[in-house]
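Asks: Contents of upload-v4.cif (mmCIF, C-alpha atoms):
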```
data_input
#
loop_
_atom_site.label_atom_id
_atom_site.label_comp_id
_atom_site.auth_asym_id
_atom_site.auth_seq_id
_atom_site.Cartn_x
_atom_site.Cartn_y
_atom_site.Cartn_z
CA MET D 1500 12.63 -5.81 54.30
CA ARG D 1501 16.01 -4.75 53.00
CA GLY D 1502 15.89 -7.51 50.38
CA TRP D 1503 12.48 -6.36 49.33
CA LEU D 1504 13.77 -2.79 48.89
CA VAL D 1505 16.66 -3.95 46.77
CA LEU D 1506 14.30 -6.03 44.68
CA THR D 1507 11.92 -3.11 44.07
CA LEU D 1508 14.79 -0.82 43.28
CA GLY D 1509 16.22 -3.37 40.91
CA ALA D 1510 12.86 -3.88 39.22
CA THR D 1511 12.34 -0.13 38.91
CA LEU D 1512 15.74 0.27 37.35
CA LEU D 1513 15.11 -2.57 34.93
CA CYS D 1514 11.71 -1.19 34.03
CA SER D 1515 12.98 2.30 33.48
CA PHE D 1516 15.67 0.89 31.21
CA ALA D 1517 13.18 -1.10 29.15
CA LYS D 1518 10.84 1.88 29.18
CA ASP D 1519 13.57 4.08 27.78
CA TYR D 1520 13.63 2.20 24.47
CA LYS D 1521 9.85 2.22 24.19
CA ASP D 1522 9.98 5.96 24.74
CA VAL D 1523 12.37 6.58 21.88
CA VAL D 1524 11.11 4.02 19.38
CA GLU D 1525 8.08 5.41 17.55
CA HIS D 1526 5.14 3.03 17.84
CA PRO D 1527 1.90 5.04 17.65
CA ASP D 1528 -1.24 2.95 17.97
CA ALA D 1529 -3.41 2.79 14.85
CA SER D 1530 -6.42 0.94 16.25
CA ALA D 1531 -8.62 4.05 16.45
CA ILE D 1532 -7.85 4.93 12.82
CA LEU D 1533 -8.66 1.39 11.68
CA GLU D 1534 -11.81 1.18 13.77
CA GLN D 1535 -13.16 4.40 12.31
CA ASP D 1536 -12.24 3.39 8.78
CA LYS D 1537 -13.87 -0.04 8.94
CA LEU D 1538 -16.47 -1.01 6.36
CA PRO D 1539 -19.98 -1.28 7.86
CA PRO D 1540 -21.84 -4.60 7.35
CA PRO D 1541 -23.50 -5.31 3.97
CA LYS D 1542 -26.71 -3.44 3.37
CA ARG D 1543 -29.64 -4.18 1.06
CA TYR D 1544 -31.16 -1.15 -0.66
CA THR D 1545 -34.44 -0.40 -2.38
CA MET D 1546 -33.91 1.35 -5.66
CA PRO D 1547 -35.45 4.86 -5.45
CA LYS D 1548 -38.45 5.69 -7.67
CA GLY D 1549 -37.49 7.01 -11.11
CA CYS D 1550 -33.90 5.91 -10.52
CA ILE D 1551 -33.03 4.66 -13.99
CA THR D 1552 -33.41 7.56 -16.39
CA ASP D 1553 -32.62 8.49 -19.98
CA ASP D 1554 -31.94 12.11 -19.04
CA PRO D 1555 -28.73 12.90 -20.99
CA ASP D 1556 -27.35 15.13 -18.20
CA ALA D 1557 -27.74 12.39 -15.59
CA ILE D 1558 -26.15 9.83 -17.91
CA ALA D 1559 -23.28 12.22 -18.67
CA ARG D 1560 -22.56 12.50 -14.95
CA GLY D 1561 -22.76 8.72 -14.57
CA ARG D 1562 -20.36 8.27 -17.47
CA TYR D 1563 -17.92 10.76 -15.99
CA ILE D 1564 -18.00 9.07 -12.59
CA PHE D 1565 -17.47 5.69 -14.28
CA HIS D 1566 -14.39 6.77 -16.23
CA ASN D 1567 -12.61 9.02 -13.73
CA LEU D 1568 -10.78 8.57 -10.42
CA ASN D 1569 -11.28 11.99 -8.82
CA GLY D 1570 -11.69 15.69 -9.55
CA LYS D 1571 -8.00 16.40 -9.35
CA LYS D 1572 -6.86 13.68 -11.74
CA ALA D 1573 -9.66 14.03 -14.30
CA LYS D 1574 -8.35 15.46 -17.59
CA THR D 1575 -11.60 16.80 -19.03
CA PRO D 1576 -13.98 19.19 -17.23
CA PRO D 1577 -16.89 17.45 -15.47
CA PRO D 1578 -20.41 17.73 -16.92
CA LYS D 1579 -23.07 20.08 -15.58
CA GLY D 1580 -23.97 19.41 -11.95
CA LEU D 1581 -20.83 17.51 -11.00
CA PRO D 1582 -18.14 19.37 -9.03
CA ARG D 1583 -14.38 18.74 -9.21
CA PHE D 1584 -13.90 19.69 -5.57
CA ILE D 1585 -16.07 19.48 -2.48
CA VAL D 1586 -15.71 20.89 1.04
CA VAL D 1587 -15.22 18.35 3.84
CA ASN D 1588 -14.81 19.70 7.40
CA GLY D 1589 -14.11 23.15 6.01
CA LYS D 1590 -11.38 21.82 3.71
CA LYS D 1591 -11.55 21.81 -0.07
CA VAL D 1592 -10.78 18.29 -1.32
CA PRO D 1593 -11.06 16.60 -4.73
CA LYS D 1594 -14.39 14.89 -5.26
CA GLN D 1595 -13.90 11.15 -5.60
CA TYR D 1596 -15.43 9.45 -8.62
CA GLY D 1597 -16.01 5.75 -9.27
CA ASN D 1598 -12.96 4.75 -11.31
CA CYS D 1599 -15.05 1.79 -12.46
CA VAL D 1600 -12.95 1.61 -15.62
CA ALA D 1601 -10.02 0.47 -13.44
CA CYS D 1602 -11.76 -2.91 -13.26
CA HIS D 1603 -14.35 -2.94 -16.07
CA ASN D 1604 -14.22 -2.63 -19.82
CA ILE D 1605 -17.13 -0.75 -21.43
CA GLU D 1606 -17.88 1.26 -24.58
CA GLY D 1607 -15.20 3.94 -25.12
CA ALA D 1608 -13.05 2.82 -22.18
CA GLN D 1609 -9.44 3.97 -22.17
CA GLY D 1610 -7.02 1.60 -20.50
CA PRO D 1611 -9.71 -0.52 -18.84
CA GLY D 1612 -8.81 -3.18 -16.29
CA ASN D 1613 -10.13 -6.75 -16.25
CA VAL D 1614 -10.64 -7.42 -12.54
CA GLY D 1615 -14.42 -7.15 -13.05
CA PRO D 1616 -16.63 -8.40 -15.91
CA ASP D 1617 -16.80 -6.61 -19.25
CA LEU D 1618 -19.86 -4.34 -19.28
CA HIS D 1619 -20.13 -3.81 -23.06
CA ARG D 1620 -23.73 -3.91 -24.42
CA TYR D 1621 -24.94 -4.39 -20.87
CA LYS D 1622 -28.61 -3.61 -21.47
CA GLU D 1623 -28.91 -5.78 -24.56
CA LEU D 1624 -27.03 -8.76 -23.06
CA PHE D 1625 -28.17 -8.67 -19.43
CA ILE D 1626 -31.32 -6.58 -18.98
CA ASP D 1627 -33.21 -7.30 -22.19
CA THR D 1628 -32.52 -11.03 -21.80
CA GLY D 1629 -33.94 -10.96 -18.28
CA ALA D 1630 -30.66 -12.14 -16.72
CA ARG D 1631 -30.52 -8.96 -14.60
CA ASP D 1632 -32.87 -6.15 -13.68
CA TYR D 1633 -32.29 -2.51 -12.79
CA ALA D 1634 -32.61 -3.17 -9.07
CA PHE D 1635 -29.78 -5.71 -9.35
CA VAL D 1636 -27.51 -3.15 -11.00
CA TYR D 1637 -28.40 -0.53 -8.40
CA GLN D 1638 -27.66 -2.92 -5.54
CA LYS D 1639 -24.44 -4.15 -7.17
CA ILE D 1640 -23.03 -0.63 -7.42
CA ALA D 1641 -24.37 0.40 -3.99
CA ASP D 1642 -23.13 -2.66 -2.06
CA ALA D 1643 -22.02 -5.70 -4.06
CA ARG D 1644 -21.58 -7.86 -0.95
CA VAL D 1645 -25.31 -8.55 -0.70
CA ASP D 1646 -25.23 -11.08 -3.53
CA ASN D 1647 -21.48 -11.85 -3.34
CA PRO D 1648 -20.00 -11.68 0.17
CA THR D 1649 -16.40 -12.05 -1.03
CA THR D 1650 -16.66 -9.65 -3.98
CA HIS D 1651 -13.60 -7.66 -5.00
CA MET D 1652 -15.81 -4.84 -6.19
CA THR D 1653 -15.77 -1.43 -4.48
CA ILE D 1654 -18.62 -0.55 -2.07
CA ASN D 1655 -20.08 2.75 -3.14
CA LEU D 1656 -23.19 3.61 -1.11
CA THR D 1657 -22.69 1.94 2.29
CA THR D 1658 -19.38 3.80 2.58
CA GLY D 1659 -21.02 7.13 1.81
CA LEU D 1660 -18.79 7.66 -1.22
CA PHE D 1661 -21.87 8.50 -3.32
CA THR D 1662 -25.46 9.54 -2.76
CA PRO D 1663 -28.40 7.38 -3.92
CA LYS D 1664 -28.93 9.89 -6.74
CA GLU D 1665 -25.36 9.43 -7.91
CA ILE D 1666 -25.71 5.64 -7.78
CA CYS D 1667 -28.82 6.04 -9.98
CA GLU D 1668 -26.87 8.14 -12.46
CA ILE D 1669 -24.03 5.61 -12.63
CA ALA D 1670 -26.52 2.74 -13.04
CA SER D 1671 -28.37 4.72 -15.73
CA TYR D 1672 -25.12 5.09 -17.62
CA VAL D 1673 -24.27 1.36 -17.35
CA VAL D 1674 -27.66 0.36 -18.80
CA SER D 1675 -27.84 3.16 -21.40
CA LYS D 1676 -27.37 2.69 -25.11
CA LYS D 1677 -23.80 3.66 -25.97
CA GLU D 1678 -21.57 4.24 -28.97
CA GLU D 1679 -18.12 2.58 -28.98
CA MET V 413 27.24 12.43 -12.00
CA LYS V 414 26.33 8.77 -11.73
CA ARG V 415 23.12 9.88 -10.09
CA LEU V 416 22.31 12.34 -12.86
CA LEU V 417 22.86 9.61 -15.42
CA SER V 418 20.52 7.28 -13.55
CA ILE V 419 17.85 9.91 -13.27
CA ALA V 420 18.13 10.66 -16.98
CA LEU V 421 17.85 6.94 -17.67
CA ALA V 422 14.83 6.72 -15.38
CA GLY V 423 13.21 9.49 -17.42
CA LEU V 424 13.89 7.64 -20.64
CA LEU V 425 12.56 4.42 -19.23
CA MET V 426 9.38 6.05 -17.97
CA GLY V 427 8.87 7.64 -21.36
CA GLY V 428 9.28 4.27 -22.96
CA MET V 429 6.96 2.64 -20.48
CA VAL V 430 4.10 4.90 -21.39
CA VAL V 431 4.33 3.44 -24.86
CA ALA V 432 4.87 -0.03 -23.42
CA GLU V 433 1.75 0.42 -21.31
CA GLU V 434 -0.27 0.22 -24.47
CA LYS V 435 0.88 -3.35 -24.94
CA LEU V 436 1.38 -3.98 -21.24
CA SER V 437 4.81 -5.48 -21.39
CA MET V 438 8.32 -4.12 -21.45
CA SER V 439 9.98 -4.08 -24.85
CA ALA V 440 13.47 -5.58 -25.20
CA GLN V 441 14.77 -2.03 -25.30
CA ASP V 442 13.02 -1.07 -22.05
CA ARG V 443 14.25 -4.27 -20.49
CA ALA V 444 17.85 -3.38 -21.36
CA LEU V 445 17.38 0.11 -19.95
CA TYR V 446 15.89 -1.34 -16.78
CA GLU V 447 18.85 -3.71 -16.35
CA GLU V 448 21.20 -0.79 -16.80
CA MET V 449 19.32 1.25 -14.22
CA LEU V 450 19.49 -1.60 -11.75
CA GLU V 451 23.27 -1.32 -12.07
CA ASN V 452 23.05 2.42 -11.53
CA ASN V 453 20.10 2.70 -9.19
CA PRO V 454 19.42 6.40 -8.41
CA ALA V 455 18.73 5.31 -4.82
CA ASP V 456 22.36 4.21 -4.38
CA ILE V 457 23.25 7.70 -3.23
CA PHE V 458 20.75 7.58 -0.34
CA VAL V 459 22.00 4.17 0.66
CA GLU V 460 25.57 5.53 0.65
CA GLU V 461 24.46 8.30 2.98
CA GLY V 462 23.10 5.59 5.24
CA ALA V 463 26.54 4.00 5.34
CA GLU V 464 27.93 7.27 6.70
CA HIS V 465 25.29 7.35 9.45
CA LEU V 466 26.28 3.85 10.54
CA GLU V 467 29.97 4.72 10.47
CA GLU V 468 29.35 7.70 12.77
CA LEU V 469 27.69 5.39 15.27
CA GLY V 470 30.49 2.87 15.40
CA GLY V 471 29.81 0.82 12.31
CA GLU V 472 28.72 -2.79 12.02
CA GLU V 473 30.68 -3.72 15.10
CA ALA V 474 28.67 -1.38 17.31
CA LEU V 475 25.41 -2.46 15.73
CA ALA V 476 26.17 -6.15 16.26
CA LYS V 477 27.09 -5.41 19.85
CA PHE V 478 23.82 -3.56 20.38
CA LEU V 479 21.95 -6.55 18.94
CA GLU V 480 23.99 -8.90 21.11
CA ILE V 481 25.19 -11.01 18.20
CA ASP V 482 28.52 -11.72 16.48
CA GLU V 483 29.45 -9.33 13.74
CA GLU V 484 29.55 -12.19 11.19
CA GLU V 485 25.97 -13.06 12.04
CA LEU V 486 24.76 -9.56 11.25
CA PRO V 487 23.65 -10.11 7.60
CA LYS V 488 21.64 -13.23 8.44
CA TYR V 489 20.15 -11.56 11.48
CA LEU V 490 19.12 -8.49 9.49
CA ALA V 491 17.44 -10.78 6.93
CA GLY V 492 15.01 -11.81 9.67
CA PHE V 493 13.32 -8.46 10.39
CA PRO V 494 10.75 -7.48 11.62
CA ARG V 495 11.80 -9.21 14.85
CA TYR V 496 10.89 -9.29 18.49
CA ILE V 497 13.78 -7.70 20.38
CA PRO V 498 13.50 -8.42 24.10
CA LYS V 499 15.32 -5.32 25.27
CA ILE V 500 13.05 -3.11 23.18
CA GLY V 501 10.08 -5.17 24.27
CA MET V 502 8.20 -5.29 20.97
CA VAL V 503 8.28 -6.50 17.39
CA VAL V 504 10.15 -3.87 15.41
CA ALA V 505 11.15 -3.20 11.83
CA ILE V 506 14.74 -2.25 11.02
CA ASP V 507 14.09 1.50 11.21
CA GLN V 508 12.65 1.24 14.72
CA MET V 509 15.53 -0.97 15.83
CA LEU V 510 17.84 1.77 14.52
CA GLN V 511 16.00 4.38 16.59
CA ALA V 512 16.81 2.36 19.71
CA PHE V 513 20.38 1.90 18.52
CA MET V 514 20.85 5.65 17.92
CA TYR V 515 19.50 6.39 21.36
CA ASP V 516 21.86 3.80 22.81
CA ARG V 517 24.76 5.55 21.10
CA GLY V 518 23.71 8.89 22.57
CA LYS V 519 22.23 10.28 19.39
CA GLN V 520 18.78 11.75 18.83
CA PRO V 521 16.94 9.11 16.72
CA TYR V 522 15.86 10.13 13.23
CA PRO V 523 12.07 10.22 12.88
CA LEU V 524 10.65 7.24 10.95
CA LYS V 525 9.26 9.67 8.39
CA SER V 526 12.61 11.30 7.64
CA ALA V 527 14.70 10.80 4.53
CA GLU V 528 17.73 10.29 6.80
CA MET V 529 16.06 7.29 8.38
CA ASP V 530 15.10 5.86 4.97
CA GLY V 531 18.72 6.00 3.83
CA PHE V 532 19.99 4.63 7.11
CA ALA V 533 17.49 1.75 7.17
CA ALA V 534 18.11 1.01 3.49
CA TYR V 535 21.86 0.77 4.05
CA VAL V 536 21.50 -1.43 7.11
CA LYS V 537 19.08 -3.74 5.28
CA SER V 538 21.48 -3.82 2.32
CA LEU V 539 24.07 -5.42 4.62
CA ALA V 540 21.84 -8.48 4.15
CA ASN V 541 22.01 -8.32 0.35
CA GLY V 542 22.39 -11.83 -1.01
CA GLU V 543 20.88 -13.36 2.12
CA LYS V 544 17.48 -15.01 1.96
CA ILE V 545 14.60 -13.57 3.97
CA ASN V 546 14.42 -15.74 7.08
CA ILE V 547 11.67 -14.11 9.12
CA ASP V 548 10.28 -16.52 11.72
CA VAL V 549 6.65 -15.78 12.46
CA ASN V 550 6.61 -18.60 15.00
CA ALA V 551 9.73 -17.49 16.85
CA ASN V 552 7.73 -16.42 19.91
CA GLU V 553 4.31 -15.26 20.99
CA ALA V 554 4.97 -11.66 20.03
CA MET V 555 5.80 -12.68 16.45
CA GLN V 556 2.79 -14.98 16.26
CA ALA V 557 0.55 -12.18 17.46
CA ALA V 558 2.10 -9.74 14.98
CA TYR V 559 1.52 -12.19 12.14
CA ARG V 560 -2.14 -12.65 13.11
CA LEU V 561 -2.63 -8.90 13.41
CA GLY V 562 -0.91 -8.43 10.05
CA GLU V 563 -3.25 -10.87 8.37
CA GLU V 564 -6.23 -9.13 9.93
CA VAL V 565 -5.09 -5.69 8.76
CA PHE V 566 -4.29 -7.07 5.29
CA LYS V 567 -7.79 -8.46 4.93
CA MET V 568 -9.70 -5.62 6.62
CA ARG V 569 -12.04 -3.92 4.16
CA ARG V 570 -12.17 -0.23 4.88
CA GLY V 571 -12.18 3.30 3.52
CA LYS V 572 -14.56 5.06 1.17
CA ARG V 573 -14.36 2.26 -1.40
CA GLY V 574 -14.49 -0.61 1.05
CA LEU V 575 -11.27 -2.20 -0.21
CA SER V 576 -8.62 -4.23 1.59
CA CYS V 577 -5.05 -5.10 0.58
CA ASP V 578 -6.51 -8.49 -0.23
CA SER V 579 -8.96 -6.96 -2.74
CA CYS V 580 -6.02 -6.32 -5.03
CA HIS V 581 -3.33 -8.76 -3.87
CA SER V 582 -5.24 -12.00 -3.22
CA LYS V 583 -4.47 -15.16 -5.18
CA ASP V 584 -7.64 -14.87 -7.26
CA VAL V 585 -6.92 -11.39 -8.64
CA VAL V 586 -3.13 -11.10 -8.93
CA GLY V 587 -2.06 -11.00 -12.55
CA LEU V 588 -5.30 -9.26 -13.54
CA ARG V 589 -5.22 -5.69 -14.71
CA LEU V 590 -6.28 -2.72 -12.61
CA ARG V 591 -6.48 0.01 -15.22
CA MET V 592 -3.02 -0.32 -16.81
CA GLN V 593 -1.27 -1.96 -13.86
CA ILE V 594 -0.91 -5.69 -13.40
CA LEU V 595 -1.88 -6.50 -9.82
CA PRO V 596 1.32 -7.86 -8.27
CA ASP V 597 1.48 -11.09 -6.30
CA LEU V 598 3.46 -9.98 -3.26
CA GLY V 599 4.81 -13.50 -2.76
CA ASP V 600 5.97 -13.97 -6.34
CA PRO V 601 9.75 -14.56 -6.59
CA LYS V 602 9.73 -12.32 -9.67
CA VAL V 603 8.15 -9.42 -7.75
CA LYS V 604 10.30 -10.03 -4.63
CA ALA V 605 8.23 -7.40 -2.87
CA ALA V 606 9.58 -7.55 0.66
CA ALA V 607 13.10 -8.39 -0.54
CA THR V 608 13.51 -5.29 -2.67
CA TRP V 609 12.25 -2.42 -0.51
CA PRO V 610 13.52 0.23 0.21
CA ALA V 611 13.26 0.80 -3.51
CA TYR V 612 13.47 3.66 -5.96
CA ARG V 613 10.10 4.41 -7.58
CA MET V 614 10.62 5.83 -11.03
CA THR V 615 7.10 7.28 -11.20
CA LYS V 616 7.85 9.30 -8.05
CA GLY V 617 11.59 9.92 -8.52
CA LYS V 618 12.28 8.91 -4.90
CA MET V 619 13.20 6.02 -2.67
CA PHE V 620 10.58 4.58 -0.30
CA THR V 621 10.54 1.95 2.44
CA LEU V 622 8.13 -0.97 2.37
CA GLN V 623 5.88 0.71 4.95
CA LYS V 624 5.81 3.90 2.89
CA ARG V 625 4.85 1.77 -0.14
CA PHE V 626 1.97 0.36 1.91
CA GLN V 627 0.88 3.91 2.68
CA GLN V 628 0.84 4.71 -1.04
CA CYS V 629 -1.49 1.79 -1.73
CA MET V 630 -3.70 2.95 1.14
CA LYS V 631 -3.80 6.49 -0.21
CA ASN V 632 -4.56 5.38 -3.78
CA ALA V 633 -7.34 3.07 -2.68
CA LEU V 634 -8.81 5.58 -0.16
CA LEU V 635 -7.97 3.57 2.95
CA ALA V 636 -7.01 5.80 5.89
CA GLN V 637 -3.22 5.79 6.12
CA ILE V 638 -1.91 4.25 9.31
CA PRO V 639 1.30 5.67 10.78
CA LEU V 640 4.78 4.25 10.23
CA GLY V 641 5.95 2.09 13.08
CA SER V 642 2.46 1.50 14.49
CA PRO V 643 2.04 -2.08 15.72
CA GLN V 644 -0.51 -2.54 12.93
CA MET V 645 1.93 -1.28 10.27
CA VAL V 646 4.77 -3.44 11.60
CA ALA V 647 2.36 -6.39 11.65
CA LEU V 648 1.52 -5.72 8.00
CA GLU V 649 5.25 -5.74 7.26
CA VAL V 650 5.58 -9.06 9.12
CA TYR V 651 2.73 -10.55 7.08
CA VAL V 652 3.96 -9.28 3.71
CA THR V 653 7.60 -10.17 4.49
CA ASN V 654 6.57 -13.71 5.34
CA MET V 655 5.07 -14.02 1.83
CA ALA V 656 8.55 -13.47 0.42
CA LYS V 657 10.34 -15.78 2.84
CA GLY V 658 13.31 -17.47 1.20
CA GLN V 659 13.70 -14.80 -1.46
CA GLU V 660 17.03 -13.09 -1.84
CA ILE V 661 17.38 -9.56 -0.49
CA GLN V 662 18.44 -6.95 -3.07
CA ILE V 663 18.47 -3.40 -1.70
CA PRO V 664 17.78 -0.88 -3.13
CA GLY V 665 15.09 -2.16 -5.48
CA LEU V 666 13.91 -0.42 -8.60
CA LYS V 667 10.20 -0.09 -9.25
CA ARG V 668 7.82 1.47 -11.69
#
```
What would the structure in this file look like if it were written as structure tokens?

Replies:
Amino acid sequence: MRGWLVLTLGATLLCSFAKDYKDVVEHPDASAILEQDKLPPPKRYTMPKGCITDDPDAIARGRYIFHNLNGKKAKTPPPKGLPRFIVVNGKKVPKQYGNCVACHNIEGAQGPGNVGPDLHRYKELFIDTGARDYAFVYQKIADARVDNPTTHMTINLTTGLFTPKEICEIASYVVSKKEE
Amino acid sequence: MKRLLSIALAGLLMGGMVVAEEKLSMSAQDRALYEEMLENNPADIFVEEGAEHLEELGGEEALAKFLEIDEEELPKYLAGFPRYIPKIGMVVAIDQMLQAFMYDRGKQPYPLKSAEMDGFAAYVKSLANGEKINIDVNANEAMQAAYRLGEEVFKMRRGKRGLSCDSCHSKDVVGLRLRMQILPDLGDPKVKAAATWPAYRMTKGKMFTLQKRFQQCMKNALLAQIPLGSPQMVALEVYVTNMAKGQEIQIPGLKR
């Protein structure tokens, strides 16, 4: 009985000592943050009716989203119908754009990256030849994992970064006729 | 004075780099400036402050005693972090180990976020300068688990763009260009990623730890930032440090 008491006391002391370090060393758990931030599974989309358009305003918005990172960093004012800032949970935050130019070269690109394929003359080379169709482009921008599970491309619709309408505008820009 | 000179040099170098960005490589002139800045790293002053913190707590002797090792072993031992430390009961990075040490010495630990801790941790890691990273991810079950968790976090696609660390630092994309930046291979002996943080970032005019650098990548790529010292963050440090195993530690580093 006495031995048992000593043992418990000893164990308590030991534990409280070990516990002391854990109490003073910061080690917050991040699993909830990661869980909430996780990318949902790949999703196949149907391209909305009238998605690909030659409306210059829509294409201008698509172009702007393609070439800019967000509303705070963008150097030129956004075109009609595209805000620089949006309100999320009552807080004004910069609107995120596509920053596609970080990975893709295209007509008029400034400082393009080369992680993704060059999109110059996209319509002429890929659509008009029948290699791709509009639905493919829509799906690629919305969720590229559907036809390439290990893609390094950003996921733009399944994450809720953009609306279907915005995906249409970006796609319309990619397939539009452009000047260098 | 030395610091002012370094900061002025950093300004010059950044100016030059904007031009260099156009051709994506450093000119001979920029290279020379960079070498000179390495000699006069603006972060040296923060590291020196860290030396004072350690002195106040009893110096290397007290630290070695806390770690239950010989003082001569200290540099090699420090080159093996993050480590599992039985008396703390978890895998910790150097800054967390220092929190326990400060507590042990009767001092209120600096928060992981604080500039004091950055300087302190940078100085203590710099005691291992010249040593090769010798992290052992198979040392025990805790380290093995941390490595596995680190790999999982590194490869987890998340955030509003659905990216992971791997999206930009995997073998098949490193060396490619993301906008004007070359995607760095974190295991490349020329990049020496884990061996050179804490480092001074010229674009930010400040020194950052490796975990803070991770947070910057998360922020840029729209991944939710996970807190410093979280088991997931330490695991990420284990995973990324293991990529640079065998590379020589040089603190403080100097980065774009």

Asks: I'd like the interatomic distance between CA of Ala476 (chain V) and CA of Gly542 (chain V), to a tenth of an Å.

Replies: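 Separating CA of Ala476 (chain V) from CA of Gly542 (chain V) is a distance of 18.6 Å.
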
Asks: Looking at all atoms listed in the file, which of V:Lys604, V:Lys537, V:Lys618, V:His465 is the one that sits closest to Pro494 (chain V)?

Replies: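 Among V:Lys604, V:Lys537, V:Lys618, V:His465, it is V:Lys537 that comes nearest to Pro494 (chain V).
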
Asks: Report as an MDAnalysis selection string the residues that result from applying the PyMOL selection byres ((chain D) within 10 of (chain V)) to the structure here.

Replies: chainID D and resid 1516:1539 1568 1595 1597:1604 1608:1615 1642 1649:1661

Asks: Which polymer residues have any atom within 12 Å of an atom of Gly462 (chain V), counting only C-alpha atoms, with same-chain residues fewer than 2 positions away left out, as a ChimeraX atom specification?

Replies: /V:455-460,464-469,471,507,510,522,527-539,664

Asks: I'd like the residues picked by the PyMOL selection byres ((chain D and resi 1574-1587) around 12) written out as number ranges by chain, using the chain letters and numbers from the file.

Replies: D: 1555-1573, 1588-1596, 1661, 1664-1665, 1668

Asks: CA of Ala440 (chain V) and CA of Asn453 (chain V) are how many Å apart?

Replies: 19.2 Å

Asks: Quick one: pull the distance between CA of Thr621 (chain V) and CA of Asn541 (chain V), Å, one decimal.

Replies: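 According to the coordinates, CA of Thr621 (chain V) and CA of Asn541 (chain V) are separated by 15.5 Å.
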
Asks: Using all atoms listed in the file, which of the listed residues (V:Glu480, V:Gly518, V:Asn654, V:Met630) sits closest to Lys544 (chain V)?

Replies: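 For Lys544 (chain V), the nearest of the given residues is V:Asn654.
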
Asks: What do you get, as a PyMOL selection string, if you spell out every residue that the PyMOL selection byres ((chain V and resi 547) around 9) selects here?

Replies: chain V and resi 491-495+545-546+548-551+650+653-654+657-658

Asks: Looking at all atoms listed in the file, which of D:Leu1618, D:Lys1542, D:Ala1670, D:Thr1662 is the one that sits closest to Phe1635 (chain D)?

Replies: D:Ala1670

Asks: Tell me which of V:Tyr651, V:Arg625, V:Met614, V:Ala463 sits closest to Lys567 (chain V), counting only C-alpha atoms.

Replies: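 Of V:Tyr651, V:Arg625, V:Met614, V:Ala463, the one nearest Lys567 (chain V) is V:Tyr651, counting only C-alpha atoms.
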
Asks: Looking at only C-alpha atoms, which of D:Ile1605, D:Ala1630, D:Val1674, D:Ile1666 is the one that sits closest to Tyr1544 (chain D)?

Replies: D:Ile1666

Asks: Using all atoms listed in the file for the distances, tell me which of V:Glu660, V:Asp600, V:Glu563, V:Glu553 is nearest to Tyr496 (chain V).

Replies: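 Nearest candidate to Tyr496 (chain V) out of V:Glu660, V:Asp600, V:Glu563, V:Glu553: V:Glu553.
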